[in-house]
Amino acid sequence: MSHPAARVLGLLELLQTRHRSTAAELAGQLGVDERTVRRYAATLVELGIPVTADRGRYGGYRLRPGFKLPPLMLTDDEAMAVLLGLVVAERVGLGTEQPATATALAKIHRVLPAALADRLAAVQEHLGFTLRRPEPGRQPASGTLLTLASAARHRQRVALDYRSWRGERSHRELDPYGLVFHAGRWYVTGHDHRRGQIRTFRLDRVDAVTPGTATFTVPDGFDPVARVTRSLAAVPYAHEIEVLLETDLVAARRRVPPSVAELTATTDGVLLRTRVESLPGTAALLAGLGCPFTVRHPDALRAAVAEHARLLAEWAARPAGGQLPSPRPPLD
């Protein structure tokens, strides 16, 4: 921070991140003396930023509570929307590095009027989620996300240092077609020049990304979301499933997430294709769709559906107040 204007802005940033700081603390952070800190504070006041100086042993500088964040100038409703967005992003894993979300929440919360801050605290204390909290370490570095987003916008090839799920490291040249957030993880999809085909990569496994000079063109009609969900559904598993659902595509998509199976409209209904490790789990899924279906393959799935039907019939026949059901092993 060699330029005085940069140090003035640096003082404003420090005041936004702390409740109160002494002149000595601020001087140490900015690399100036306490007299200069007082001059910078006066400059902020002249600019209309309410910096308050408290005298005494426990005094110091602080921003007046309720001050609108510059340069956003958020209204109460806008500030609440931003804060709730950060809360949800942190809970579902939409953020990048965890500290960034937490510190952003803290910064905005500190300058909210007391009444609004209390309302937000009430929401945070009583807000429940049906989604599981993502596992630690799934969030990519913010620099990785921003670099790939910029490269995708400017159609710029990048170099990736990547770790596979086995821990194997490789260097890739990638044309990033798009970014996708799915099921608590970030993905980038595009043309991998090492393999000569379109591939999908998890951003939390990218160790480094460097923009290059080569440019590319995205294929017409390319859908990053469809590509990522289709590639995830095609991960190798023990059983390949193909079932014809007697319903329409809209109804099928309401019941079957894209990460679970690939759905294709046909003249006879909707063709469901997927790969699974457990057939009983797929039988339970099919039973809950509420539409007739035909198992095309494998034949073992027919047996799993029949067994599921037998268990349902057995449980339905139990008299009220009768014996407790015997424990059943988990479906998956």
# chains A, B, ... in the order shown; residues from 1 in each chain; ligands from 1
$ residues_around --residues "stretch 226-233 of chain A" --least-positions-apart "5" --cutoff "12 Å" --atoms "only C-alpha atoms" --output "ChimeraX atom specification"
/A:177-183,185-191,198-202,221,240-241,256-264,272-276
$ write_last_selection --atoms "N, CA, C and O atoms" --output "short mmCIF file (atom, residue, chain, number, x, y, z; two decimals), in the first residue's frame"
data_model
loop_
_atom_site.label_atom_id
_atom_site.label_comp_id
_atom_site.auth_asym_id
_atom_site.auth_seq_id
_atom_site.Cartn_x
_atom_site.Cartn_y
_atom_site.Cartn_z
N TYR A 177 -15.78 -25.24 -21.61
CA TYR A 177 -17.05 -24.84 -22.22
C TYR A 177 -18.03 -24.26 -21.20
O TYR A 177 -18.90 -23.47 -21.55
N GLY A 178 -17.93 -24.69 -19.95
CA GLY A 178 -18.86 -24.18 -18.95
C GLY A 178 -18.59 -24.74 -17.57
O GLY A 178 -17.91 -25.76 -17.42
N LEU A 179 -19.12 -24.07 -16.56
CA LEU A 179 -19.01 -24.48 -15.16
C LEU A 179 -20.38 -24.91 -14.66
O LEU A 179 -21.40 -24.32 -15.02
N VAL A 180 -20.39 -25.93 -13.81
CA VAL A 180 -21.65 -26.46 -13.28
C VAL A 180 -21.48 -26.75 -11.79
O VAL A 180 -20.48 -27.34 -11.38
N PHE A 181 -22.46 -26.32 -10.99
CA PHE A 181 -22.51 -26.69 -9.58
C PHE A 181 -23.59 -27.75 -9.42
O PHE A 181 -24.75 -27.52 -9.75
N HIS A 182 -23.20 -28.93 -8.93
CA HIS A 182 -24.14 -30.05 -8.85
C HIS A 182 -23.87 -30.88 -7.61
O HIS A 182 -22.72 -31.32 -7.38
N ALA A 183 -24.91 -31.08 -6.80
CA ALA A 183 -24.85 -31.96 -5.62
C ALA A 183 -23.68 -31.63 -4.71
O ALA A 183 -22.97 -32.51 -4.24
N ARG A 185 -20.89 -30.03 -5.41
CA ARG A 185 -19.56 -29.97 -6.01
C ARG A 185 -19.56 -29.05 -7.24
O ARG A 185 -20.58 -28.90 -7.91
N TRP A 186 -18.39 -28.46 -7.52
CA TRP A 186 -18.19 -27.66 -8.72
C TRP A 186 -17.50 -28.51 -9.79
O TRP A 186 -16.57 -29.26 -9.48
N TYR A 187 -17.95 -28.36 -11.03
CA TYR A 187 -17.36 -29.08 -12.16
C TYR A 187 -17.08 -28.10 -13.31
O TYR A 187 -17.77 -27.09 -13.47
N VAL A 188 -16.08 -28.44 -14.11
CA VAL A 188 -15.85 -27.76 -15.39
C VAL A 188 -15.89 -28.84 -16.47
O VAL A 188 -15.36 -29.95 -16.28
N THR A 189 -16.53 -28.52 -17.57
CA THR A 189 -16.60 -29.48 -18.68
C THR A 189 -16.13 -28.79 -19.95
O THR A 189 -16.35 -27.59 -20.15
N GLY A 190 -15.43 -29.55 -20.78
CA GLY A 190 -14.92 -28.99 -22.03
C GLY A 190 -14.04 -30.00 -22.75
O GLY A 190 -13.97 -31.17 -22.37
N HIS A 191 -13.39 -29.54 -23.79
CA HIS A 191 -12.56 -30.42 -24.62
C HIS A 191 -11.19 -30.60 -23.98
O HIS A 191 -10.43 -29.64 -23.81
N ILE A 198 -14.49 -34.61 -25.03
CA ILE A 198 -15.08 -33.77 -23.99
C ILE A 198 -15.05 -34.54 -22.67
O ILE A 198 -15.49 -35.68 -22.59
N ARG A 199 -14.51 -33.88 -21.64
CA ARG A 199 -14.39 -34.50 -20.32
C ARG A 199 -14.92 -33.55 -19.26
O ARG A 199 -15.08 -32.35 -19.48
N THR A 200 -15.17 -34.12 -18.08
CA THR A 200 -15.65 -33.34 -16.94
C THR A 200 -14.65 -33.48 -15.80
O THR A 200 -14.19 -34.58 -15.50
N PHE A 201 -14.33 -32.36 -15.14
CA PHE A 201 -13.36 -32.35 -14.05
C PHE A 201 -13.94 -31.66 -12.82
O PHE A 201 -14.65 -30.65 -12.95
N ARG A 202 -13.64 -32.20 -11.65
CA ARG A 202 -14.04 -31.57 -10.39
C ARG A 202 -13.06 -30.46 -10.05
O ARG A 202 -11.85 -30.66 -10.04
N GLY A 221 -25.13 -25.61 -29.59
CA GLY A 221 -26.10 -26.35 -28.80
C GLY A 221 -25.52 -27.08 -27.60
O GLY A 221 -26.24 -27.85 -26.95
N GLU A 240 -25.97 -52.26 -15.45
CA GLU A 240 -26.50 -51.30 -16.41
C GLU A 240 -28.01 -51.49 -16.49
O GLU A 240 -28.49 -52.60 -16.74
N ILE A 241 -28.75 -50.42 -16.28
CA ILE A 241 -30.21 -50.48 -16.18
C ILE A 241 -30.85 -49.81 -17.39
O ILE A 241 -30.41 -48.75 -17.83
N VAL A 256 -37.28 -38.23 -11.14
CA VAL A 256 -35.94 -38.81 -11.28
C VAL A 256 -34.92 -37.70 -11.50
O VAL A 256 -34.92 -37.06 -12.55
N PRO A 257 -34.03 -37.43 -10.53
CA PRO A 257 -33.00 -36.40 -10.70
C PRO A 257 -32.06 -36.75 -11.84
O PRO A 257 -31.81 -37.93 -12.12
N PRO A 258 -31.51 -35.75 -12.53
CA PRO A 258 -30.60 -36.02 -13.66
C PRO A 258 -29.33 -36.75 -13.24
O PRO A 258 -28.70 -37.41 -14.06
N SER A 259 -28.93 -36.63 -11.97
CA SER A 259 -27.73 -37.33 -11.52
C SER A 259 -28.00 -38.82 -11.29
O SER A 259 -27.06 -39.61 -11.17
N VAL A 260 -29.27 -39.22 -11.22
CA VAL A 260 -29.62 -40.62 -10.96
C VAL A 260 -29.69 -41.42 -12.25
O VAL A 260 -29.25 -42.57 -12.32
N ALA A 261 -30.28 -40.82 -13.29
CA ALA A 261 -30.46 -41.57 -14.54
C ALA A 261 -30.61 -40.62 -15.71
O ALA A 261 -30.95 -39.44 -15.54
N GLU A 262 -30.36 -41.14 -16.90
CA GLU A 262 -30.58 -40.40 -18.13
C GLU A 262 -31.97 -40.74 -18.64
O GLU A 262 -32.34 -41.91 -18.76
N LEU A 263 -32.77 -39.73 -18.94
CA LEU A 263 -34.14 -39.90 -19.40
C LEU A 263 -34.26 -39.44 -20.85
O LEU A 263 -33.82 -38.34 -21.19
N THR A 264 -34.87 -40.28 -21.69
CA THR A 264 -35.03 -39.96 -23.12
C THR A 264 -36.47 -40.23 -23.54
O THR A 264 -37.00 -41.33 -23.31
N LEU A 272 -35.46 -44.90 -19.40
CA LEU A 272 -34.58 -44.59 -18.27
C LEU A 272 -33.34 -45.46 -18.37
O LEU A 272 -33.45 -46.69 -18.43
N ARG A 273 -32.18 -44.83 -18.40
CA ARG A 273 -30.91 -45.55 -18.43
C ARG A 273 -30.05 -45.06 -17.27
O ARG A 273 -29.94 -43.86 -17.02
N THR A 274 -29.42 -46.02 -16.59
CA THR A 274 -28.52 -45.66 -15.50
C THR A 274 -27.61 -46.84 -15.19
O THR A 274 -27.75 -47.92 -15.77
N ARG A 275 -26.68 -46.65 -14.27
CA ARG A 275 -25.81 -47.70 -13.77
C ARG A 275 -25.84 -47.65 -12.25
O ARG A 275 -25.76 -46.57 -11.68
N VAL A 276 -25.96 -48.80 -11.63
CA VAL A 276 -26.13 -48.84 -10.17
C VAL A 276 -25.30 -49.98 -9.59
O VAL A 276 -24.91 -50.92 -10.29
#
$ select_by_dssp --residues "stretch 267-317 of chain A" --states "strand (DSSP E)" --output "JSON, numbers by chain"
{"A": [269, 270, 271, 272, 273, 274, 275, 276, 293, 294, 295, 296, 297]}
$ residues_around --residues "A:His171" --least-positions-apart "4" --cutoff "12 Å" --atoms "only C-alpha atoms" --output "tab-separated table (two decimals) with N, CA and C atoms, in the first residue's frame"
chain	number	residue	atom	x	y	z
A	158	VAL	N	-6.97	-23.29	-21.24
A	158	VAL	CA	-6.23	-23.23	-19.98
A	158	VAL	C	-5.41	-24.50	-19.80
A	159	ALA	N	-4.40	-24.39	-18.94
A	159	ALA	CA	-3.61	-25.55	-18.53
A	159	ALA	C	-4.01	-25.92	-17.11
A	160	LEU	N	-4.30	-27.20	-16.88
A	160	LEU	CA	-4.73	-27.69	-15.57
A	160	LEU	C	-3.71	-28.66	-15.00
A	161	ASP	N	-3.40	-28.50	-13.72
A	161	ASP	CA	-2.73	-29.55	-12.96
A	161	ASP	C	-3.81	-30.23	-12.15
A	162	TYR	N	-4.06	-31.52	-12.44
A	162	TYR	CA	-5.26	-32.19	-11.92
A	162	TYR	C	-4.90	-33.46	-11.16
A	163	ARG	N	-5.69	-33.75	-10.11
A	163	ARG	CA	-5.56	-34.98	-9.34
A	163	ARG	C	-6.81	-35.83	-9.55
A	164	SER	N	-6.65	-37.07	-9.94
A	164	SER	CA	-7.79	-37.97	-10.11
A	164	SER	C	-8.28	-38.44	-8.75
A	192	ASP	N	-10.89	-31.85	-23.62
A	192	ASP	CA	-9.60	-32.21	-23.04
A	192	ASP	C	-8.66	-32.63	-24.17
A	193	HIS	N	-7.62	-31.85	-24.43
A	193	HIS	CA	-6.74	-32.13	-25.56
A	193	HIS	C	-5.86	-33.34	-25.31
A	194	ARG	N	-5.67	-33.72	-24.07
A	194	ARG	CA	-4.89	-34.92	-23.78
A	194	ARG	C	-5.63	-36.17	-24.25
A	195	ARG	N	-6.94	-36.22	-24.02
A	195	ARG	CA	-7.76	-37.37	-24.41
A	195	ARG	C	-8.41	-37.19	-25.77
A	206	VAL	N	-8.48	-29.61	-8.84
A	206	VAL	CA	-7.57	-28.82	-9.67
A	206	VAL	C	-6.55	-28.15	-8.74
A	207	ASP	N	-5.28	-28.51	-8.91
A	207	ASP	CA	-4.22	-27.91	-8.09
A	207	ASP	C	-3.78	-26.56	-8.62
A	208	ALA	N	-3.83	-26.37	-9.92
A	208	ALA	CA	-3.42	-25.10	-10.53
A	208	ALA	C	-4.08	-24.96	-11.89
A	209	VAL	N	-4.40	-23.73	-12.25
A	209	VAL	CA	-4.99	-23.44	-13.56
A	209	VAL	C	-4.31	-22.19	-14.10
A	210	THR	N	-3.86	-22.27	-15.37
A	210	THR	CA	-3.14	-21.16	-15.99
A	210	THR	C	-3.75	-20.85	-17.35
$ residues_around --residues "A:Val270" --least-positions-apart "4" --cutoff "7 Å" --atoms "only C-alpha atoms" --output "list in words"
Leu244, Leu245, Glu246, Thr247, Asp248, Leu249, Leu263, Thr264, Ala265 and Thr266 of chain A
$ select_by_dssp --residues "stretch 113-204 of chain A" --states "helix (DSSP H, G or I)" --output "PyMOL selection string"
chain A and resi 114-126+142-153+203-204
$ atom_distance --atom1 "atom CA of A:Ala23" --atom2 "atom CA of A:Gly60"
6.3 Å
$ closest_residue --among "A:Gly184, A:Pro211, A:Pro176, A:Gly48" --to "A:Val88" --atoms "only C-alpha atoms"
A:Gly184
$ closest_residue --among "A:Gly128, A:Gly290, A:Gly212, A:Pro113" --to "A:Arg157" --atoms "only C-alpha atoms"
A:Gly212
$ residues_around --residues "A:Ala284" --least-positions-apart "5" --cutoff "9 Å" --atoms "only C-alpha atoms" --output "PyMOL selection string"
chain A and resi 279+289+304-305+308+331
$ residues_around --residues "stretch 153-155 of chain A" --least-positions-apart "5" --cutoff "9 Å" --atoms "only C-alpha atoms" --output "VMD selection string"
chain A and resid 148 175 to 178 214 to 218
$ write_last_selection --atoms "C-alpha atoms" --output "PDB file, in the first residue's frame"
ATOM      1  CA  LEU A 148     -12.015 -20.885 -15.312  1.00  0.00           C
ATOM      2  CA  ASP A 175     -11.072 -25.732 -23.584  1.00  0.00           C
ATOM      3  CA  PRO A 176     -13.535 -24.866 -20.769  1.00  0.00           C
ATOM      4  CA  TYR A 177     -17.047 -24.836 -22.221  1.00  0.00           C
ATOM      5  CA  GLY A 178     -18.861 -24.179 -18.954  1.00  0.00           C
ATOM      6  CA  ALA A 214      -5.046 -20.309 -27.743  1.00  0.00           C
ATOM      7  CA  THR A 215      -8.775 -19.776 -28.279  1.00  0.00           C
ATOM      8  CA  PHE A 216     -11.616 -22.151 -29.116  1.00  0.00           C
ATOM      9  CA  THR A 217     -15.217 -22.313 -30.267  1.00  0.00           C
ATOM     10  CA  VAL A 218     -17.953 -24.023 -28.250  1.00  0.00           C
TER      11      VAL A 218
END
$ residues_around --residues "A:Ala122" --least-positions-apart "6" --cutoff "12 Å" --atoms "only C-alpha atoms" --output "mmCIF file with N, CA, C and O atoms, in the first residue's frame"
data_model
loop_
_atom_site.group_PDB
_atom_site.id
_atom_site.type_symbol
_atom_site.label_atom_id
_atom_site.label_comp_id
_atom_site.auth_asym_id
_atom_site.auth_seq_id
_atom_site.Cartn_x
_atom_site.Cartn_y
_atom_site.Cartn_z
ATOM 1 N N LEU A 84 -28.865 -14.002 3.502
ATOM 2 C CA LEU A 84 -29.508 -15.308 3.384
ATOM 3 C C LEU A 84 -28.874 -16.124 2.266
ATOM 4 O O LEU A 84 -28.718 -17.341 2.381
ATOM 5 N N ALA A 115 -31.835 -3.897 14.776
ATOM 6 C CA ALA A 115 -33.107 -4.602 14.580
ATOM 7 C C ALA A 115 -33.000 -5.615 13.441
ATOM 8 O O ALA A 115 -33.483 -6.751 13.543
ATOM 9 N N LEU A 116 -32.341 -5.212 12.343
ATOM 10 C CA LEU A 116 -32.200 -6.114 11.206
ATOM 11 C C LEU A 116 -31.249 -7.266 11.535
ATOM 12 O O LEU A 116 -31.487 -8.411 11.151
#
$ decode --residues "stretch 248-294 of chain A" --atoms "N, CA and C atoms" --output "PDB file, in the first residue's frame"
ATOM      1  N   ASP A 248     -44.764 -39.308 -19.422  1.00  0.00           N
ATOM      2  CA  ASP A 248     -44.126 -38.318 -20.286  1.00  0.00           C
ATOM      3  C   ASP A 248     -42.847 -37.802 -19.639  1.00  0.00           C
ATOM      4  N   LEU A 249     -42.032 -37.101 -20.407  1.00  0.00           N
ATOM      5  CA  LEU A 249     -40.714 -36.677 -19.959  1.00  0.00           C
ATOM      6  C   LEU A 249     -40.804 -35.674 -18.810  1.00  0.00           C
ATOM      7  N   VAL A 250     -41.774 -34.781 -18.859  1.00  0.00           N
ATOM      8  CA  VAL A 250     -41.917 -33.776 -17.793  1.00  0.00           C
ATOM      9  C   VAL A 250     -42.191 -34.457 -16.455  1.00  0.00           C
ATOM     10  N   ALA A 251     -43.133 -35.406 -16.451  1.00  0.00           N
ATOM     11  CA  ALA A 251     -43.477 -36.110 -15.214  1.00  0.00           C
ATOM     12  C   ALA A 251     -42.300 -36.944 -14.712  1.00  0.00           C
ATOM     13  N   ALA A 252     -41.583 -37.579 -15.636  1.00  0.00           N
ATOM     14  CA  ALA A 252     -40.443 -38.408 -15.239  1.00  0.00           C
ATOM     15  C   ALA A 252     -39.347 -37.564 -14.603  1.00  0.00           C
ATOM     16  N   ARG A 253     -39.093 -36.383 -15.155  1.00  0.00           N
ATOM     17  CA  ARG A 253     -38.038 -35.525 -14.610  1.00  0.00           C
ATOM     18  C   ARG A 253     -38.385 -34.983 -13.226  1.00  0.00           C
ATOM     19  N   ARG A 254     -39.667 -34.892 -12.932  1.00  0.00           N
ATOM     20  CA  ARG A 254     -40.061 -34.455 -11.583  1.00  0.00           C
ATOM     21  C   ARG A 254     -39.700 -35.501 -10.543  1.00  0.00           C
ATOM     22  N   ARG A 255     -39.649 -36.764 -10.938  1.00  0.00           N
ATOM     23  CA  ARG A 255     -39.402 -37.851  -9.989  1.00  0.00           C
ATOM     24  C   ARG A 255     -37.961 -38.361 -10.004  1.00  0.00           C
ATOM     25  N   VAL A 256     -37.275 -38.227 -11.139  1.00  0.00           N
ATOM     26  CA  VAL A 256     -35.941 -38.812 -11.279  1.00  0.00           C
ATOM     27  C   VAL A 256     -34.922 -37.703 -11.499  1.00  0.00           C
ATOM     28  N   PRO A 257     -34.027 -37.432 -10.532  1.00  0.00           N
ATOM     29  CA  PRO A 257     -33.001 -36.402 -10.705  1.00  0.00           C
ATOM     30  C   PRO A 257     -32.061 -36.752 -11.839  1.00  0.00           C
ATOM     31  N   PRO A 258     -31.509 -35.755 -12.535  1.00  0.00           N
ATOM     32  CA  PRO A 258     -30.602 -36.024 -13.658  1.00  0.00           C
ATOM     33  C   PRO A 258     -29.334 -36.753 -13.243  1.00  0.00           C
ATOM     34  N   SER A 259     -28.930 -36.629 -11.972  1.00  0.00           N
ATOM     35  CA  SER A 259     -27.732 -37.334 -11.516  1.00  0.00           C
ATOM     36  C   SER A 259     -27.996 -38.817 -11.291  1.00  0.00           C
ATOM     37  N   VAL A 260     -29.273 -39.217 -11.222  1.00  0.00           N
ATOM     38  CA  VAL A 260     -29.621 -40.618 -10.963  1.00  0.00           C
ATOM     39  C   VAL A 260     -29.694 -41.420 -12.254  1.00  0.00           C
ATOM     40  N   ALA A 261     -30.277 -40.824 -13.294  1.00  0.00           N
ATOM     41  CA  ALA A 261     -30.464 -41.570 -14.541  1.00  0.00           C
ATOM     42  C   ALA A 261     -30.605 -40.620 -15.712  1.00  0.00           C
ATOM     43  N   GLU A 262     -30.359 -41.145 -16.896  1.00  0.00           N
ATOM     44  CA  GLU A 262     -30.582 -40.399 -18.130  1.00  0.00           C
ATOM     45  C   GLU A 262     -31.974 -40.742 -18.644  1.00  0.00           C
ATOM     46  N   LEU A 263     -32.774 -39.726 -18.939  1.00  0.00           N
ATOM     47  CA  LEU A 263     -34.143 -39.902 -19.399  1.00  0.00           C
ATOM     48  C   LEU A 263     -34.258 -39.437 -20.849  1.00  0.00           C
ATOM     49  N   THR A 264     -34.873 -40.276 -21.694  1.00  0.00           N
ATOM     50  CA  THR A 264     -35.033 -39.957 -23.115  1.00  0.00           C
ATOM     51  C   THR A 264     -36.468 -40.229 -23.539  1.00  0.00           C
ATOM     52  N   ALA A 265     -37.099 -39.250 -24.155  1.00  0.00           N
ATOM     53  CA  ALA A 265     -38.470 -39.426 -24.642  1.00  0.00           C
ATOM     54  C   ALA A 265     -38.474 -40.335 -25.866  1.00  0.00           C
ATOM     55  N   THR A 266     -39.418 -41.285 -25.905  1.00  0.00           N
ATOM     56  CA  THR A 266     -39.588 -42.177 -27.053  1.00  0.00           C
ATOM     57  C   THR A 266     -41.071 -42.193 -27.443  1.00  0.00           C
ATOM     58  N   THR A 267     -41.391 -42.894 -28.525  1.00  0.00           N
ATOM     59  CA  THR A 267     -42.793 -42.981 -28.953  1.00  0.00           C
ATOM     60  C   THR A 267     -43.624 -43.813 -27.976  1.00  0.00           C
ATOM     61  N   ASP A 268     -42.961 -44.664 -27.186  1.00  0.00           N
ATOM     62  CA  ASP A 268     -43.676 -45.538 -26.255  1.00  0.00           C
ATOM     63  C   ASP A 268     -43.673 -45.022 -24.812  1.00  0.00           C
ATOM     64  N   GLY A 269     -42.956 -43.950 -24.558  1.00  0.00           N
ATOM     65  CA  GLY A 269     -42.870 -43.422 -23.200  1.00  0.00           C
ATOM     66  C   GLY A 269     -41.529 -42.759 -22.970  1.00  0.00           C
ATOM     67  N   VAL A 270     -40.925 -43.028 -21.813  1.00  0.00           N
ATOM     68  CA  VAL A 270     -39.631 -42.437 -21.459  1.00  0.00           C
ATOM     69  C   VAL A 270     -38.663 -43.565 -21.138  1.00  0.00           C
ATOM     70  N   LEU A 271     -37.512 -43.555 -21.799  1.00  0.00           N
ATOM     71  CA  LEU A 271     -36.508 -44.578 -21.561  1.00  0.00           C
ATOM     72  C   LEU A 271     -35.562 -44.098 -20.461  1.00  0.00           C
ATOM     73  N   LEU A 272     -35.459 -44.895 -19.398  1.00  0.00           N
ATOM     74  CA  LEU A 272     -34.583 -44.592 -18.269  1.00  0.00           C
ATOM     75  C   LEU A 272     -33.342 -45.462 -18.370  1.00  0.00           C
ATOM     76  N   ARG A 273     -32.183 -44.827 -18.404  1.00  0.00           N
ATOM     77  CA  ARG A 273     -30.907 -45.553 -18.426  1.00  0.00           C
ATOM     78  C   ARG A 273     -30.046 -45.063 -17.268  1.00  0.00           C
ATOM     79  N   THR A 274     -29.418 -46.015 -16.586  1.00  0.00           N
ATOM     80  CA  THR A 274     -28.517 -45.659 -15.496  1.00  0.00           C
ATOM     81  C   THR A 274     -27.612 -46.838 -15.186  1.00  0.00           C
ATOM     82  N   ARG A 275     -26.679 -46.646 -14.268  1.00  0.00           N
ATOM     83  CA  ARG A 275     -25.806 -47.700 -13.774  1.00  0.00           C
ATOM     84  C   ARG A 275     -25.839 -47.655 -12.252  1.00  0.00           C
ATOM     85  N   VAL A 276     -25.963 -48.795 -11.626  1.00  0.00           N
ATOM     86  CA  VAL A 276     -26.126 -48.837 -10.172  1.00  0.00           C
ATOM     87  C   VAL A 276     -25.299 -49.977  -9.587  1.00  0.00           C
ATOM     88  N   GLU A 277     -25.049 -49.882  -8.289  1.00  0.00           N
ATOM     89  CA  GLU A 277     -24.399 -50.954  -7.549  1.00  0.00           C
ATOM     90  C   GLU A 277     -25.422 -51.881  -6.910  1.00  0.00           C
ATOM     91  N   SER A 278     -26.621 -51.325  -6.563  1.00  0.00           N
ATOM     92  CA  SER A 278     -27.620 -52.096  -5.821  1.00  0.00           C
ATOM     93  C   SER A 278     -28.937 -52.158  -6.588  1.00  0.00           C
ATOM     94  N   LEU A 279     -29.383 -53.354  -6.932  1.00  0.00           N
ATOM     95  CA  LEU A 279     -30.663 -53.509  -7.623  1.00  0.00           C
ATOM     96  C   LEU A 279     -31.865 -53.278  -6.707  1.00  0.00           C
ATOM     97  N   PRO A 280     -31.838 -53.685  -5.432  1.00  0.00           N
ATOM     98  CA  PRO A 280     -32.987 -53.384  -4.560  1.00  0.00           C
ATOM     99  C   PRO A 280     -33.287 -51.888  -4.474  1.00  0.00           C
ATOM    100  N   GLY A 281     -32.263 -51.068  -4.473  1.00  0.00           N
ATOM    101  CA  GLY A 281     -32.491 -49.628  -4.446  1.00  0.00           C
ATOM    102  C   GLY A 281     -33.191 -49.138  -5.688  1.00  0.00           C
ATOM    103  N   THR A 282     -32.819 -49.684  -6.842  1.00  0.00           N
ATOM    104  CA  THR A 282     -33.479 -49.304  -8.094  1.00  0.00           C
ATOM    105  C   THR A 282     -34.915 -49.793  -8.117  1.00  0.00           C
ATOM    106  N   ALA A 283     -35.178 -50.989  -7.566  1.00  0.00           N
ATOM    107  CA  ALA A 283     -36.546 -51.513  -7.491  1.00  0.00           C
ATOM    108  C   ALA A 283     -37.422 -50.587  -6.662  1.00  0.00           C
ATOM    109  N   ALA A 284     -36.891 -50.090  -5.541  1.00  0.00           N
ATOM    110  CA  ALA A 284     -37.660 -49.169  -4.698  1.00  0.00           C
ATOM    111  C   ALA A 284     -37.923 -47.856  -5.426  1.00  0.00           C
ATOM    112  N   LEU A 285     -36.935 -47.375  -6.180  1.00  0.00           N
ATOM    113  CA  LEU A 285     -37.118 -46.153  -6.967  1.00  0.00           C
ATOM    114  C   LEU A 285     -38.236 -46.328  -7.985  1.00  0.00           C
ATOM    115  N   LEU A 286     -38.202 -47.422  -8.731  1.00  0.00           N
ATOM    116  CA  LEU A 286     -39.216 -47.665  -9.758  1.00  0.00           C
ATOM    117  C   LEU A 286     -40.601 -47.797  -9.140  1.00  0.00           C
ATOM    118  N   ALA A 287     -40.681 -48.455  -7.972  1.00  0.00           N
ATOM    119  CA  ALA A 287     -41.979 -48.625  -7.320  1.00  0.00           C
ATOM    120  C   ALA A 287     -42.570 -47.301  -6.875  1.00  0.00           C
ATOM    121  N   GLY A 288     -41.718 -46.336  -6.600  1.00  0.00           N
ATOM    122  CA  GLY A 288     -42.204 -45.045  -6.127  1.00  0.00           C
ATOM    123  C   GLY A 288     -42.517 -44.044  -7.221  1.00  0.00           C
ATOM    124  N   LEU A 289     -42.310 -44.395  -8.484  1.00  0.00           N
ATOM    125  CA  LEU A 289     -42.559 -43.446  -9.571  1.00  0.00           C
ATOM    126  C   LEU A 289     -44.037 -43.246  -9.853  1.00  0.00           C
ATOM    127  N   GLY A 290     -44.863 -44.248  -9.521  1.00  0.00           N
ATOM    128  CA  GLY A 290     -46.299 -44.095  -9.720  1.00  0.00           C
ATOM    129  C   GLY A 290     -46.751 -44.256 -11.154  1.00  0.00           C
ATOM    130  N   CYS A 291     -45.986 -44.965 -11.972  1.00  0.00           N
ATOM    131  CA  CYS A 291     -46.397 -45.205 -13.353  1.00  0.00           C
ATOM    132  C   CYS A 291     -45.989 -46.623 -13.747  1.00  0.00           C
ATOM    133  N   PRO A 292     -46.700 -47.243 -14.706  1.00  0.00           N
ATOM    134  CA  PRO A 292     -46.291 -48.570 -15.181  1.00  0.00           C
ATOM    135  C   PRO A 292     -44.931 -48.495 -15.854  1.00  0.00           C
ATOM    136  N   PHE A 293     -44.209 -49.598 -15.843  1.00  0.00           N
ATOM    137  CA  PHE A 293     -42.900 -49.626 -16.480  1.00  0.00           C
ATOM    138  C   PHE A 293     -42.582 -51.041 -16.942  1.00  0.00           C
ATOM    139  N   THR A 294     -41.636 -51.120 -17.868  1.00  0.00           N
ATOM    140  CA  THR A 294     -41.158 -52.413 -18.374  1.00  0.00           C
ATOM    141  C   THR A 294     -39.652 -52.470 -18.234  1.00  0.00           C
TER     142      THR A 294
END
